[in-house]
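Peer 1: Contents of final_26.cif (mmCIF, C-alpha atoms):
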data_run
loop_
_atom_site.label_atom_id
_atom_site.label_comp_id
_atom_site.auth_asym_id
_atom_site.auth_seq_id
_atom_site.Cartn_x
_atom_site.Cartn_y
_atom_site.Cartn_z
CA MET A 1 85.68 -112.06 -57.87
CA LEU A 2 84.35 -114.99 -59.87
CA LYS A 3 82.97 -112.52 -62.42
CA VAL A 4 85.66 -110.13 -63.58
CA VAL A 5 85.40 -107.42 -66.23
CA SER A 6 87.92 -106.49 -68.91
CA LYS A 7 90.09 -103.45 -68.42
CA SER A 8 88.33 -101.55 -71.21
CA GLU A 9 84.93 -102.46 -69.74
CA ALA A 10 86.10 -101.26 -66.32
CA VAL A 11 87.13 -97.89 -67.75
CA ARG A 12 83.84 -97.51 -69.62
CA THR A 13 81.92 -98.33 -66.44
CA VAL A 14 83.86 -95.74 -64.43
CA LEU A 15 83.40 -93.03 -67.04
CA LYS A 16 79.68 -93.73 -67.42
CA ALA A 17 79.10 -93.70 -63.66
CA THR A 18 80.96 -90.42 -63.21
CA ALA A 19 79.80 -88.65 -66.39
CA ALA A 20 77.67 -86.16 -64.47
CA ALA A 21 80.56 -84.90 -62.35
CA VAL A 22 81.49 -81.30 -63.22
CA LEU A 23 84.31 -79.32 -61.64
CA PRO A 24 83.66 -75.75 -60.47
CA THR A 25 85.73 -72.95 -61.97
CA GLU A 26 87.92 -70.32 -60.37
CA ARG A 27 90.29 -67.56 -61.39
CA VAL A 28 93.97 -67.76 -60.52
CA ALA A 29 96.89 -65.40 -60.95
CA LEU A 30 99.00 -65.93 -64.05
CA SER A 31 101.92 -66.88 -61.80
CA ALA A 32 99.89 -69.81 -60.45
CA ALA A 33 98.29 -70.94 -63.72
CA CYS A 34 100.92 -73.29 -65.13
CA GLY A 35 99.63 -76.87 -65.07
CA ARG A 36 96.02 -75.78 -64.61
CA VAL A 37 93.23 -76.46 -67.10
CA THR A 38 91.46 -73.50 -68.71
CA ALA A 39 87.74 -73.27 -67.98
CA ALA A 40 86.94 -71.08 -70.99
CA ASP A 41 88.40 -69.90 -74.29
CA ILE A 42 90.88 -67.09 -73.75
CA VAL A 43 90.27 -64.50 -76.47
CA ALA A 44 93.02 -62.07 -77.44
CA ALA A 45 92.08 -58.49 -76.57
CA GLU A 46 94.87 -57.05 -78.74
CA ASN A 47 97.18 -57.85 -81.63
CA ILE A 48 100.55 -59.46 -81.01
CA PRO A 49 102.67 -57.74 -82.10
CA ALA A 50 100.79 -54.49 -81.79
CA PHE A 51 102.80 -52.87 -84.62
CA ASP A 52 104.90 -53.83 -87.64
CA ARG A 53 108.43 -54.48 -86.41
CA SER A 54 111.84 -55.45 -87.73
CA THR A 55 113.26 -58.92 -87.21
CA VAL A 56 116.84 -57.79 -87.98
CA ASP A 57 119.35 -55.11 -87.11
CA GLY A 58 119.72 -52.90 -90.17
CA PHE A 59 117.71 -50.28 -92.04
CA ALA A 60 113.98 -49.79 -92.51
CA LEU A 61 113.12 -48.77 -96.07
CA CYS A 62 110.77 -49.07 -98.99
CA ALA A 63 111.51 -52.40 -100.70
CA ALA A 64 110.95 -50.91 -104.16
CA ASP A 65 113.97 -48.66 -103.62
CA THR A 66 116.26 -51.73 -103.50
CA PHE A 67 115.03 -53.55 -106.60
CA GLY A 68 118.01 -54.28 -108.87
CA ALA A 69 120.58 -53.51 -106.17
CA SER A 70 123.81 -55.51 -106.31
CA ALA A 71 127.37 -55.43 -105.05
CA ALA A 72 128.38 -53.70 -108.29
CA ILE A 73 125.47 -51.22 -108.35
CA PRO A 74 124.17 -50.67 -104.80
CA ALA A 75 121.00 -48.73 -104.06
CA GLN A 76 121.77 -45.34 -102.48
CA LEU A 77 119.43 -44.11 -99.76
CA ASP A 78 119.49 -41.10 -97.46
CA ILE A 79 119.50 -41.97 -93.75
CA ALA A 80 116.55 -40.03 -92.34
CA GLY A 81 117.06 -41.01 -88.71
CA GLU A 82 117.24 -43.80 -86.20
CA ILE A 83 114.47 -45.82 -84.54
CA LEU A 84 115.23 -46.64 -80.93
CA MET A 85 113.94 -49.76 -79.21
CA GLY A 86 110.67 -49.22 -77.41
CA GLU A 87 109.82 -45.92 -79.08
CA CYS A 88 106.81 -45.03 -81.19
CA THR A 89 108.67 -43.43 -84.04
CA PRO A 90 107.34 -40.23 -85.63
CA LEU A 91 109.40 -40.84 -88.79
CA HIS A 92 107.66 -40.97 -92.14
CA LEU A 93 110.02 -42.20 -94.84
CA LYS A 94 109.84 -41.05 -98.40
CA HIS A 95 111.16 -42.92 -101.42
CA GLY A 96 114.92 -42.79 -101.39
CA GLN A 97 115.09 -42.64 -97.59
CA CYS A 98 115.84 -45.22 -94.89
CA ALA A 99 116.21 -45.31 -91.10
CA ARG A 100 118.48 -47.27 -88.78
CA ILE A 101 116.48 -49.90 -86.91
CA ALA A 102 117.21 -52.61 -84.34
CA THR A 103 115.59 -56.03 -84.03
CA GLY A 104 112.13 -55.47 -82.57
CA GLY A 105 112.05 -51.81 -83.54
CA MET A 106 108.83 -50.28 -84.84
CA LEU A 107 108.65 -49.96 -88.61
CA PRO A 108 108.18 -46.27 -89.53
CA ALA A 109 105.47 -45.03 -91.85
CA GLY A 110 106.49 -45.25 -95.50
CA ALA A 111 108.64 -48.36 -94.93
CA ASP A 112 107.59 -51.88 -95.85
CA ALA A 113 110.78 -53.89 -95.32
CA ALA A 114 114.12 -54.01 -93.54
CA VAL A 115 117.55 -54.87 -94.87
CA MET A 116 120.19 -56.57 -92.72
CA VAL A 117 123.09 -54.34 -91.73
CA GLU A 118 125.46 -56.98 -93.16
CA HIS A 119 124.18 -56.14 -96.64
CA THR A 120 124.85 -52.42 -96.32
CA ASP A 121 127.51 -49.78 -95.87
CA SER A 122 126.79 -46.36 -94.39
CA GLN A 123 128.75 -43.14 -94.15
CA ASN A 124 128.10 -39.39 -94.28
CA GLY A 125 124.33 -39.84 -93.99
CA LEU A 126 124.19 -42.22 -96.95
CA CYS A 127 123.33 -45.94 -96.91
CA LEU A 128 124.51 -48.25 -99.70
CA VAL A 129 122.32 -51.39 -100.04
CA TYR A 130 124.00 -54.28 -101.85
CA GLN A 131 121.10 -56.75 -101.89
CA PRO A 132 117.45 -56.22 -102.80
CA VAL A 133 114.65 -56.99 -100.33
CA PHE A 134 111.00 -57.76 -101.02
CA PRO A 135 107.97 -56.09 -99.44
CA PHE A 136 107.68 -57.13 -95.76
CA GLU A 137 110.95 -59.06 -95.87
CA ASN A 138 112.51 -59.20 -92.37
CA ILE A 139 109.29 -57.78 -90.92
CA THR A 140 106.76 -59.21 -88.48
CA LYS A 141 103.46 -57.56 -89.29
CA LYS A 142 100.90 -56.35 -86.77
CA GLY A 143 98.87 -59.35 -85.57
CA ASP A 144 101.11 -61.91 -87.29
CA ASP A 145 101.51 -63.80 -84.00
CA ILE A 146 98.05 -63.39 -82.48
CA THR A 147 95.13 -61.47 -83.95
CA ALA A 148 92.82 -59.45 -81.71
CA GLY A 149 89.52 -61.28 -81.29
CA SER A 150 90.98 -64.72 -82.01
CA VAL A 151 91.07 -67.59 -79.51
CA ALA A 152 94.60 -67.47 -78.15
CA ILE A 153 94.17 -70.53 -75.90
CA ALA A 154 91.24 -72.90 -76.17
CA ARG A 155 89.02 -74.08 -73.35
CA HIS A 156 90.21 -77.20 -71.49
CA THR A 157 93.88 -76.63 -72.35
CA SER A 158 96.39 -77.81 -69.77
CA LEU A 159 98.61 -74.77 -69.50
CA THR A 160 102.33 -75.17 -70.16
CA PRO A 161 105.11 -72.58 -69.78
CA ALA A 162 104.63 -71.81 -73.49
CA HIS A 163 100.98 -70.96 -72.87
CA ILE A 164 101.97 -68.76 -69.94
CA GLY A 165 104.23 -66.84 -72.33
CA ILE A 166 101.26 -66.20 -74.64
CA LEU A 167 99.11 -64.98 -71.75
CA ALA A 168 101.90 -62.73 -70.52
CA ALA A 169 102.26 -61.20 -73.99
CA LEU A 170 98.53 -60.48 -73.99
CA GLY A 171 98.67 -58.82 -70.59
CA VAL A 172 96.43 -61.42 -68.92
CA LYS A 173 96.66 -61.15 -65.14
CA GLU A 174 94.12 -63.79 -64.08
CA VAL A 175 93.13 -67.03 -65.80
CA PRO A 176 89.79 -68.90 -65.55
CA VAL A 177 90.58 -72.51 -64.70
CA LEU A 178 88.87 -75.67 -63.49
CA GLN A 179 89.23 -76.24 -59.78
CA LYS A 180 91.59 -79.07 -58.94
CA PRO A 181 89.62 -82.18 -57.94
CA MET A 182 90.25 -83.33 -54.38
CA VAL A 183 91.08 -87.02 -54.14
CA ALA A 184 91.44 -88.70 -50.75
CA ILE A 185 93.78 -91.64 -50.10
CA ILE A 186 93.28 -94.24 -47.38
CA SER A 187 95.88 -96.95 -46.82
CA THR A 188 94.67 -100.03 -44.96
CA GLY A 189 96.44 -102.89 -43.23
CA ASP A 190 97.55 -104.04 -39.77
CA GLU A 191 101.04 -104.47 -41.19
CA ILE A 192 101.54 -100.76 -41.93
CA SER A 193 103.57 -98.76 -39.41
CA THR A 194 105.53 -95.50 -39.39
CA ALA A 195 108.25 -97.30 -37.35
CA PRO A 196 107.93 -100.88 -38.55
CA SER A 197 109.15 -103.78 -36.49
CA LEU A 198 109.97 -107.15 -38.03
CA GLY A 199 106.91 -108.31 -39.96
CA GLN A 200 105.61 -104.79 -40.57
CA ILE A 201 106.11 -102.37 -43.47
CA ARG A 202 105.95 -98.64 -44.10
CA ASP A 203 103.11 -97.14 -46.08
CA VAL A 204 104.29 -96.88 -49.69
CA ASN A 205 100.97 -96.37 -51.47
CA GLY A 206 100.03 -93.21 -49.57
CA PRO A 207 103.03 -91.12 -50.71
CA LEU A 208 103.13 -92.83 -54.13
CA LEU A 209 99.51 -92.07 -54.93
CA THR A 210 99.68 -88.59 -53.39
CA ASP A 211 102.44 -87.52 -55.78
CA ALA A 212 100.78 -89.27 -58.73
CA LEU A 213 97.56 -87.37 -58.08
CA GLU A 214 99.30 -84.03 -57.72
CA ALA A 215 101.24 -84.65 -60.94
CA ALA A 216 97.88 -85.26 -62.64
CA GLY A 217 96.59 -81.84 -61.58
CA CYS A 218 94.65 -82.92 -58.48
CA ARG A 219 94.77 -82.05 -54.81
CA ALA A 220 95.57 -85.09 -52.72
CA LEU A 221 94.14 -85.58 -49.24
CA TYR A 222 96.21 -88.27 -47.53
CA PHE A 223 94.07 -89.61 -44.70
CA GLY A 224 96.77 -91.97 -43.45
CA ALA A 225 96.95 -95.67 -42.61
CA VAL A 226 93.97 -97.45 -41.05
CA LYS A 227 93.95 -100.85 -39.35
CA ASP A 228 92.03 -103.80 -40.79
CA ASP A 229 88.95 -102.92 -38.81
CA LYS A 230 85.59 -102.56 -40.55
CA GLU A 231 84.36 -99.79 -38.31
CA MET A 232 87.60 -97.81 -38.57
CA ILE A 233 87.71 -98.09 -42.35
CA THR A 234 84.05 -97.13 -42.60
CA ARG A 235 84.60 -93.99 -40.50
CA ALA A 236 87.68 -93.10 -42.57
CA LEU A 237 85.75 -93.47 -45.82
CA GLU A 238 82.83 -91.41 -44.52
CA ARG A 239 85.16 -88.60 -43.47
CA CYS A 240 86.90 -88.64 -46.83
CA LEU A 241 83.59 -88.57 -48.71
CA GLU A 242 82.69 -85.39 -46.83
CA GLN A 243 85.82 -83.60 -48.07
CA ALA A 244 86.88 -85.16 -51.37
CA ASP A 245 85.52 -85.62 -54.89
CA ALA A 246 86.79 -89.20 -55.02
CA VAL A 247 88.49 -91.71 -52.72
CA LEU A 248 91.25 -94.26 -53.28
CA ILE A 249 91.48 -97.09 -50.74
CA SER A 250 94.61 -99.20 -51.07
CA GLY A 251 94.55 -102.69 -49.58
CA GLY A 252 91.50 -104.63 -48.50
CA SER A 253 90.34 -105.38 -52.04
CA SER A 254 91.11 -109.09 -52.45
CA ALA A 255 89.02 -112.04 -51.29
CA GLY A 256 90.81 -112.64 -47.98
CA SER A 257 88.93 -112.92 -44.71
CA ARG A 258 90.13 -109.49 -43.55
CA ASP A 259 89.48 -107.72 -46.84
CA MET A 260 86.31 -105.76 -46.24
CA THR A 261 86.44 -102.74 -48.59
CA VAL A 262 83.84 -104.19 -50.95
CA ASP A 263 81.42 -104.85 -48.07
CA ILE A 264 81.85 -101.32 -46.71
CA LEU A 265 81.32 -99.76 -50.12
CA ASP A 266 78.28 -101.93 -50.74
CA THR A 267 76.82 -100.63 -47.46
CA LEU A 268 77.56 -96.94 -48.12
CA GLY A 269 76.76 -96.97 -51.82
CA GLU A 270 76.90 -99.31 -54.80
CA VAL A 271 79.67 -101.61 -56.07
CA TYR A 272 79.89 -101.56 -59.87
CA PHE A 273 82.59 -104.20 -60.24
CA HIS A 274 84.99 -106.21 -58.12
CA GLY A 275 87.73 -107.76 -60.21
CA ILE A 276 89.37 -106.92 -63.54
CA ALA A 277 90.90 -109.40 -65.97
CA MET A 278 94.32 -107.80 -65.75
CA LYS A 279 97.66 -108.41 -64.10
CA PRO A 280 98.61 -106.73 -61.88
CA GLY A 281 95.39 -105.38 -60.42
CA LYS A 282 92.84 -108.19 -60.58
CA PRO A 283 91.14 -107.44 -57.20
CA THR A 284 90.30 -103.82 -58.10
CA ILE A 285 86.98 -102.43 -56.84
CA PHE A 286 84.96 -99.53 -58.15
CA GLY A 287 81.76 -98.09 -56.77
CA MET A 288 79.87 -94.89 -56.02
CA ALA A 289 79.00 -93.57 -52.59
CA ARG A 290 77.17 -90.30 -51.97
CA GLY A 291 77.59 -89.48 -55.63
CA LYS A 292 81.37 -89.82 -55.50
CA ALA A 293 83.76 -92.32 -57.07
CA VAL A 294 85.46 -94.81 -54.76
CA PHE A 295 88.27 -97.03 -56.00
CA GLY A 296 89.58 -100.05 -54.11
CA LEU A 297 93.20 -100.59 -55.14
CA PRO A 298 95.39 -103.61 -54.35
CA GLY A 299 97.79 -103.22 -51.44
CA HIS A 300 100.91 -104.15 -53.39
CA PRO A 301 102.48 -100.86 -54.58
CA LEU A 302 103.23 -102.00 -58.14
CA ALA A 303 99.67 -103.27 -58.59
CA ALA A 304 98.21 -100.16 -56.92
CA TYR A 305 100.17 -97.90 -59.27
CA PHE A 306 99.09 -99.78 -62.40
CA VAL A 307 95.45 -99.63 -61.32
CA TYR A 308 95.86 -95.91 -60.72
CA ARG A 309 97.46 -95.45 -64.13
CA LEU A 310 95.00 -97.63 -66.08
CA ILE A 311 91.69 -97.20 -64.25
CA VAL A 312 91.82 -94.10 -62.02
CA LYS A 313 93.75 -91.82 -64.38
CA PRO A 314 91.19 -92.04 -67.24
CA TYR A 315 88.54 -90.89 -64.74
CA LEU A 316 90.72 -87.94 -63.68
CA ASP A 317 91.47 -87.05 -67.31
CA SER A 318 87.74 -87.06 -68.06
CA LEU A 319 86.99 -84.90 -65.01
CA LEU A 320 89.68 -82.42 -66.09
CA GLN A 321 88.56 -82.58 -69.74
CA GLN A 322 91.92 -83.94 -70.89
CA ALA A 323 92.58 -86.31 -73.79
CA ALA A 324 93.54 -89.89 -73.06
CA ALA A 325 97.24 -90.65 -72.96
CA ALA A 326 99.01 -91.88 -76.08
CA PRO A 327 101.94 -94.32 -76.37
CA LEU A 328 105.43 -92.90 -75.95
CA PHE A 329 106.97 -94.88 -78.80
CA THR A 330 106.98 -98.21 -80.64
CA ALA A 331 109.83 -100.64 -80.05
CA THR A 332 110.90 -104.21 -80.71
CA LEU A 333 110.92 -106.87 -78.00
CA ALA A 334 114.38 -108.30 -77.49
CA GLN A 335 113.11 -111.53 -75.90
CA ASN A 336 110.02 -113.69 -75.59
CA VAL A 337 107.40 -112.60 -73.07
CA PRO A 338 105.22 -115.46 -71.77
CA SER A 339 101.81 -114.65 -70.33
CA ASN A 340 98.60 -116.32 -69.15
CA HIS A 341 95.68 -116.45 -71.56
CA GLY A 342 92.51 -114.71 -70.48
CA ARG A 343 93.77 -111.47 -68.94
CA GLU A 344 95.71 -108.42 -70.02
CA GLU A 345 99.16 -108.31 -68.50
CA TYR A 346 101.11 -105.11 -67.99
CA LEU A 347 104.89 -105.27 -67.78
CA CYS A 348 107.48 -102.62 -67.02
CA VAL A 349 110.18 -102.43 -69.68
CA LYS A 350 113.51 -100.74 -70.19
CA LYS A 351 115.45 -99.80 -73.30
CA GLU A 352 118.44 -101.82 -74.44
CA GLY A 353 119.79 -100.12 -77.54
CA GLU A 354 117.01 -99.99 -80.12
CA SER A 355 114.99 -102.71 -78.37
CA ILE A 356 113.19 -103.15 -75.08
CA VAL A 357 113.28 -105.91 -72.49
CA PRO A 358 110.75 -106.64 -69.74
CA ILE A 359 111.74 -106.03 -66.13
CA HIS A 360 110.61 -109.11 -64.28
CA SER A 361 109.71 -108.71 -60.62
CA LYS A 362 107.94 -110.52 -57.85
CA SER A 363 104.67 -109.33 -56.36
CA GLY A 364 105.03 -106.26 -54.17
CA ILE A 365 108.37 -105.10 -55.58
CA ILE A 366 108.30 -101.30 -55.95
CA SER A 367 111.78 -100.50 -57.29
CA VAL A 368 110.81 -101.75 -60.76
CA LEU A 369 108.86 -98.52 -61.37
CA SER A 370 111.92 -96.30 -61.07
CA ALA A 371 113.99 -98.64 -63.26
CA ALA A 372 111.46 -98.68 -66.11
CA ASP A 373 111.32 -96.56 -69.25
CA GLY A 374 107.63 -97.41 -69.67
CA TYR A 375 105.28 -100.36 -69.81
CA ILE A 376 103.73 -102.66 -72.41
CA CYS A 377 100.51 -104.65 -72.55
CA VAL A 378 100.21 -108.32 -73.44
CA PRO A 379 96.69 -108.66 -74.89
CA ARG A 380 94.08 -110.74 -73.10
CA ASP A 381 93.72 -113.19 -75.98
CA ALA A 382 97.47 -113.85 -76.29
CA GLU A 383 99.63 -116.38 -74.49
CA GLY A 384 102.63 -114.10 -74.72
CA LEU A 385 104.62 -112.06 -77.20
CA ALA A 386 107.49 -113.37 -79.30
CA ALA A 387 110.90 -111.73 -79.56
CA GLY A 388 110.93 -109.33 -82.51
CA THR A 389 107.34 -108.22 -81.99
CA GLN A 390 106.68 -104.50 -82.43
CA VAL A 391 104.91 -103.19 -79.33
CA GLU A 392 103.65 -99.85 -78.06
CA VAL A 393 105.47 -98.54 -75.01
CA TRP A 394 103.37 -96.40 -72.66
CA LYS A 395 104.42 -93.79 -70.16
CA LEU A 396 104.44 -94.71 -66.48
#
Written as structure tokens, that's how I'd like the structure from this file.

Peer 2:
Amino acid sequence: MLKVVSKSEAVRTVLKATAAAVLPTERVALSAACGRVTAADIVAAENIPAFDRSTVDGFALCAADTFGASAAIPAQLDIAGEILMGECTPLHLKHGQCARIATGGMLPAGADAAVMVEHTDSQNGLCLVYQPVFPFENITKKGDDITAGSVAIARHTSLTPAHIGILAALGVKEVPVLQKPMVAIISTGDEISTAPSLGQIRDVNGPLLTDALEAAGCRALYFGAVKDDKEMITRALERCLEQADAVLISGGSSAGSRDMTVDILDTLGEVYFHGIAMKPGKPTIFGMARGKAVFGLPGHPLAAYFVYRLIVKPYLDSLLQQAAAAPLFTATLAQNVPSNHGREEYLCVKKEGESIVPIHSKSGIISVLSAADGYICVPRDAEGLAAGTQVEVWKL
């Protein structure tokens, strides 16, 4: 790791090496589409709404019949009938006529507006209108929401509940989406145990990365923990490469005598870099094997998560055709933040009033992630940030 790359260079290298990767498409039921990424433009087959409809409870009428109406001289209209919710009304209003209508009711022929019931009185088949309305006032016109033939939802949109509502309104039953990429996770280390004795630890990175991947729209294949044995790790990686689109190996990425991930990857494929000028996450590895991306993450959970967030996640976003993340907000540092020159440093922060303060932690501490409101970056060419500095806070 005598020759490290910058974080931005690492991301560019990953994206260039994986640029040819394309996800297959599939069709899923609307009930299973939330969170998925559309594989094609979804074109509206019909207008929404499909007819002119009232946005108020009141009376449908011809707006011109109310011009000049006031509390002193109301417009007088004959009530020609009532429009029930959900019915295709046969009414055809003439000038001087109106019809009772509920919110969402279909506007009858001859009407071009609706007046709120609060601005009327009605008795003995006569409606008194005390306030004028303009053409198409209180009306949603046919196709006002979505026009037939228009793109209702664009290709490569990550579907939210709001998008599902649009698709439901259009009567879409199945949605074309990108298949979820399968990402395998291998945890390495003699110290990892499901029932740790003194000197051992439980696997944190496996569950942590599994949930992070699933939250990013991927399928996670957790291989499990593997001992620090070159042959065992090699077999685990080969099995994962057979099933997954990419592999994350946590642990075994530093320069220690038992850290062999880089050697294994160099044997099975090609190592593109080993070491990034960032903290945490310096010993990160990236390479390609059998045409698939392989990331070597540090064993410490905090470092592993930051490498996932800063290096792996841009690859996943590119694969799923999603835009890069943007900062959550800008805030002022409440205290000085010292840092070492020559590498980018990423720090978890929490809000304190209108400012933020860094959450200092020792290597390997995981609880800092749940206590943080986000993270900040100290630039590589800075020796720290002074109190009062405006910084961008990013989402963890």

Peer 1: Could you please determine the separation between atom CA of A:Tyr346 and atom CA of A:Ala216 in Å, to one decimal place?

Peer 2: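 Atom-to-atom, atom CA of A:Tyr346 and atom CA of A:Ala216 are spaced 20.8 Å apart.
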
Peer 1: Given the point (116.6, -54.0, -87.8) in the file's coordinates, find the residues that have an atom at most 7 Å from it, counting only C-alpha atoms, and give them as a PDB file with C-alpha atoms, in the frame of the given file.

Peer 2:
ATOM      1  CA  SER A  54     111.840 -55.450 -87.730  1.00  0.00           C
ATOM      2  CA  THR A  55     113.260 -58.920 -87.210  1.00  0.00           C
ATOM      3  CA  VAL A  56     116.840 -57.790 -87.980  1.00  0.00           C
ATOM      4  CA  ASP A  57     119.350 -55.110 -87.110  1.00  0.00           C
ATOM      5  CA  GLY A  58     119.720 -52.900 -90.170  1.00  0.00           C
ATOM      6  CA  PHE A  59     117.710 -50.280 -92.040  1.00  0.00           C
ATOM      7  CA  ALA A  60     113.980 -49.790 -92.510  1.00  0.00           C
ATOM      8  CA  ILE A 101     116.480 -49.900 -86.910  1.00  0.00           C
ATOM      9  CA  ALA A 102     117.210 -52.610 -84.340  1.00  0.00           C
ATOM     10  CA  THR A 103     115.590 -56.030 -84.030  1.00  0.00           C
ATOM     11  CA  GLY A 105     112.050 -51.810 -83.540  1.00  0.00           C
ATOM     12  CA  ALA A 114     114.120 -54.010 -93.540  1.00  0.00           C
ATOM     13  CA  MET A 116     120.190 -56.570 -92.720  1.00  0.00           C
TER      14      MET A 116
END

Peer 1: If we count all atoms listed in the file, what is near A:Leu241 at a cut-off of 12 Å, once residues fewer than 4 positions away on the same chain are taken out, given as a list in words?

Peer 2: Met182, Val183, Ala184, Ile185, Ile186, Leu221, Phe223, Thr234, Arg235, Ala236, Leu237, Asp245, Ala246, Val247, Leu248, Ile249, Leu265, Leu268, Gly269, Met288, Ala289, Arg290, Gly291, Lys292, Ala293 and Val294 of chain A

Peer 1: In Å, how far is it from atom CA of A:Lys3 to atom CA of A:Tyr305?

Peer 2: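 Between atom CA of A:Lys3 and atom CA of A:Tyr305 the gap is 22.8 Å.
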
Peer 1: Quick check, in Å to one decimal: how far apart do atom CA of A:Gly206 and atom CA of A:Ser31 lie?

Peer 2: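 Atom CA of A:Ser31 lies 29.1 Å from atom CA of A:Gly206.
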
Peer 1: Written as a ChimeraX atom specification, what is the full residue list that the PyMOL selection byres ((chain A and resi 6-8) around 12) yields on the file shown?

Peer 2: /A:3-5,9-15,273-284,306-307,309-312,314,342-346,377,379-381

Peer 1: Please list, as a list in words, the residues that have an atom at most 6 Å away from (94.4, -103.2, -54.2) in the coordinates of this file, counting only C-alpha atoms.

Peer 2: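 Protein, DNA and RNA residues close to (94.4, -103.2, -54.2): Ser250, Gly251, Ser253, Thr284, Gly296, Leu297, Pro298, Gly299 and Ala304 of chain A.
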
Peer 1: Could you save those same residues with C-alpha atoms as an mmCIF file, in the frame of the given file?

Peer 2:
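Result written to again05.cif:
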data_model
loop_
_atom_site.group_PDB
_atom_site.id
_atom_site.type_symbol
_atom_site.label_atom_id
_atom_site.label_comp_id
_atom_site.auth_asym_id
_atom_site.auth_seq_id
_atom_site.Cartn_x
_atom_site.Cartn_y
_atom_site.Cartn_z
ATOM 1 C CA SER A 250 94.610 -99.200 -51.070
ATOM 2 C CA GLY A 251 94.550 -102.690 -49.580
ATOM 3 C CA SER A 253 90.340 -105.380 -52.040
ATOM 4 C CA THR A 284 90.300 -103.820 -58.100
ATOM 5 C CA GLY A 296 89.580 -100.050 -54.110
ATOM 6 C CA LEU A 297 93.200 -100.590 -55.140
ATOM 7 C CA PRO A 298 95.390 -103.610 -54.350
ATOM 8 C CA GLY A 299 97.790 -103.220 -51.440
ATOM 9 C CA ALA A 304 98.210 -100.160 -56.920
#

Peer 1: Once the PyMOL selection byres ((chain A and resi 163) around 12) is applied to the coordinates I shared, what remains selected? I want it as a list in words.

Peer 2: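 This file gives the following for the PyMOL selection byres ((chain A and resi 163) around 12): Leu30, Ser31, Ala33, Cys34, Gly35, Arg36, Val37, Thr38, Ile42, Ala152, Ile153, Ala154, Thr157, Ser158, Leu159, Thr160, Pro161, Ala162, Ile164, Gly165, Ile166, Leu167, Ala168, Ala169, Leu170, Val172 and Val175 of chain A.
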
Peer 1: Atoms to include: C-alpha atoms. Write the selected residues as a PDB file, in the coordinates of the input.

Peer 2:
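The new file part03.pdb reads:
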ATOM      1  CA  LEU A  30      99.000 -65.930 -64.050  1.00  0.00           C
ATOM      2  CA  SER A  31     101.920 -66.880 -61.800  1.00  0.00           C
ATOM      3  CA  ALA A  33      98.290 -70.940 -63.720  1.00  0.00           C
ATOM      4  CA  CYS A  34     100.920 -73.290 -65.130  1.00  0.00           C
ATOM      5  CA  GLY A  35      99.630 -76.870 -65.070  1.00  0.00           C
ATOM      6  CA  ARG A  36      96.020 -75.780 -64.610  1.00  0.00           C
ATOM      7  CA  VAL A  37      93.230 -76.460 -67.100  1.00  0.00           C
ATOM      8  CA  THR A  38      91.460 -73.500 -68.710  1.00  0.00           C
ATOM      9  CA  ILE A  42      90.880 -67.090 -73.750  1.00  0.00           C
ATOM     10  CA  ALA A 152      94.600 -67.470 -78.150  1.00  0.00           C
ATOM     11  CA  ILE A 153      94.170 -70.530 -75.900  1.00  0.00           C
ATOM     12  CA  ALA A 154      91.240 -72.900 -76.170  1.00  0.00           C
ATOM     13  CA  THR A 157      93.880 -76.630 -72.350  1.00  0.00           C
ATOM     14  CA  SER A 158      96.390 -77.810 -69.770  1.00  0.00           C
ATOM     15  CA  LEU A 159      98.610 -74.770 -69.500  1.00  0.00           C
ATOM     16  CA  THR A 160     102.330 -75.170 -70.160  1.00  0.00           C
ATOM     17  CA  PRO A 161     105.110 -72.580 -69.780  1.00  0.00           C
ATOM     18  CA  ALA A 162     104.630 -71.810 -73.490  1.00  0.00           C
ATOM     19  CA  ILE A 164     101.970 -68.760 -69.940  1.00  0.00           C
ATOM     20  CA  GLY A 165     104.230 -66.840 -72.330  1.00  0.00           C
ATOM     21  CA  ILE A 166     101.260 -66.200 -74.640  1.00  0.00           C
ATOM     22  CA  LEU A 167      99.110 -64.980 -71.750  1.00  0.00           C
ATOM     23  CA  ALA A 168     101.900 -62.730 -70.520  1.00  0.00           C
ATOM     24  CA  ALA A 169     102.260 -61.200 -73.990  1.00  0.00           C
ATOM     25  CA  LEU A 170      98.530 -60.480 -73.990  1.00  0.00           C
ATOM     26  CA  VAL A 172      96.430 -61.420 -68.920  1.00  0.00           C
ATOM     27  CA  VAL A 175      93.130 -67.030 -65.800  1.00  0.00           C
TER      28      VAL A 175
END

Peer 1: Compile the contact shell of A:Val337 as a ChimeraX atom specification: residues with an atom at most 8 Å away, counting all atoms listed in the file, same-chain residues fewer than 2 positions apart removed.

Peer 2: /A:335,339,358,384-387

Peer 1: Have a look at A:Leu93, A:Leu369, A:Val133, A:Ala195 and name the one nearest to A:His119; count all atoms listed in the file.

Peer 2: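 Selected residue with least distance to A:His119: A:Val133.
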